[in-house]
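Okay, structure first, notes after.
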Amino acid sequence: MPLRLPSLAAYCRAVPVSSNPFVSAFLPIFQARSASILSSLSDTPGSYSKRIRRGRGPSSGKGKTSGRGHKGQKAHGKVPAKFQGGQTADSVVHGVRGFVNMFSVDMSPINLDRIQDWIDQGRLDPSLPITVKELAESRCLHGAKDGVKLLARGKEALKSPINILVSRASEEAIKAVEAAGGKVTTRYYTKQSIKRLLKGESESSFTPQATTPVVNGYSTFMADSSKPFSYRLPDPTSRKDLEYYRDEAKRGYLSHMVEEGHGPSLFFKTPGTGIKRQVKKRGATTAAGENRIW
């Protein structure tokens, strides 16, 4: 059998630890108290709940039928949540309305007052470019989903000029950052590219990255980088994304590709840039060529 508390306390008193008579006088009390505390250690009430043990006899409270009751469909097996006893389901009677937009993106919001608060705490350096990686590593942003959108909450608190690179930005946020002497650039990201960016397999860039040959298993697309990276950041392919990042009003990183006098749209032509068609008037006769008989 294990030692009981009195025996353990007596053993602690019997062991000399210090030659000082004053310490030796109070040492048994401290040792006996420590032994009693160790014997009464337990979890905080409510810190966890015990698993229900079913079918362990009537005294357990969940014996015999194990909480399922007597007979019936729910006692004999599982019943689907939408099952209504055999009658026509509501989804058939009333139909299913709405749909899930598979093209929607879930942006993680970041506000200007939070960025300024992180700068005041010294967790962000305004003299360096602020990208998704800096926001995530400083815990200013908790999880970048499909991208990061800059919002203008607390724009009055922004005092530091910042150079920030995000997926999207609101009009008010762009005005507030530029009024403080900063710069906003929006760049296209995907969920996979953000994961690689946070792992250090890619590097943020304010401009499109050119494709270069792979050397020793890595693509050296960053000429001024200290180390090569295995993945380059993707560029948009859909018309909607291309038009967004070609727009100077959105501070898109592809806006330099738009010619002067043209708009960011890929569908609508800028007035005056198309080919003029010559409309033939009715009744007008054309002069015959020299080699024509009629």
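Convention: chains lettered A, B, ... in structure tokens order; per-chain residue numbering from 1; ligands numbered from 1 as shown.
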Near Val148 (chain A), counting only C-alpha atoms, which residues have an atom at most 12 Å away, once you skip same-chain residues fewer than 6 positions from it, shown as a PyMOL selection string? chain A and resi 105-111+131-133+135-136+140-142+164-170+185-191+194
Would you mind reading off the distance between CA of Phe268 (chain A) and CA of Pro236 (chain A), one decimal, in Å? 19.0 Å
Going by DSSP on the backbone, which residues of region 226-262 of chain A come out as alpha helix (DSSP H)? List them as a PyMOL selection string. chain A and resi 239-245
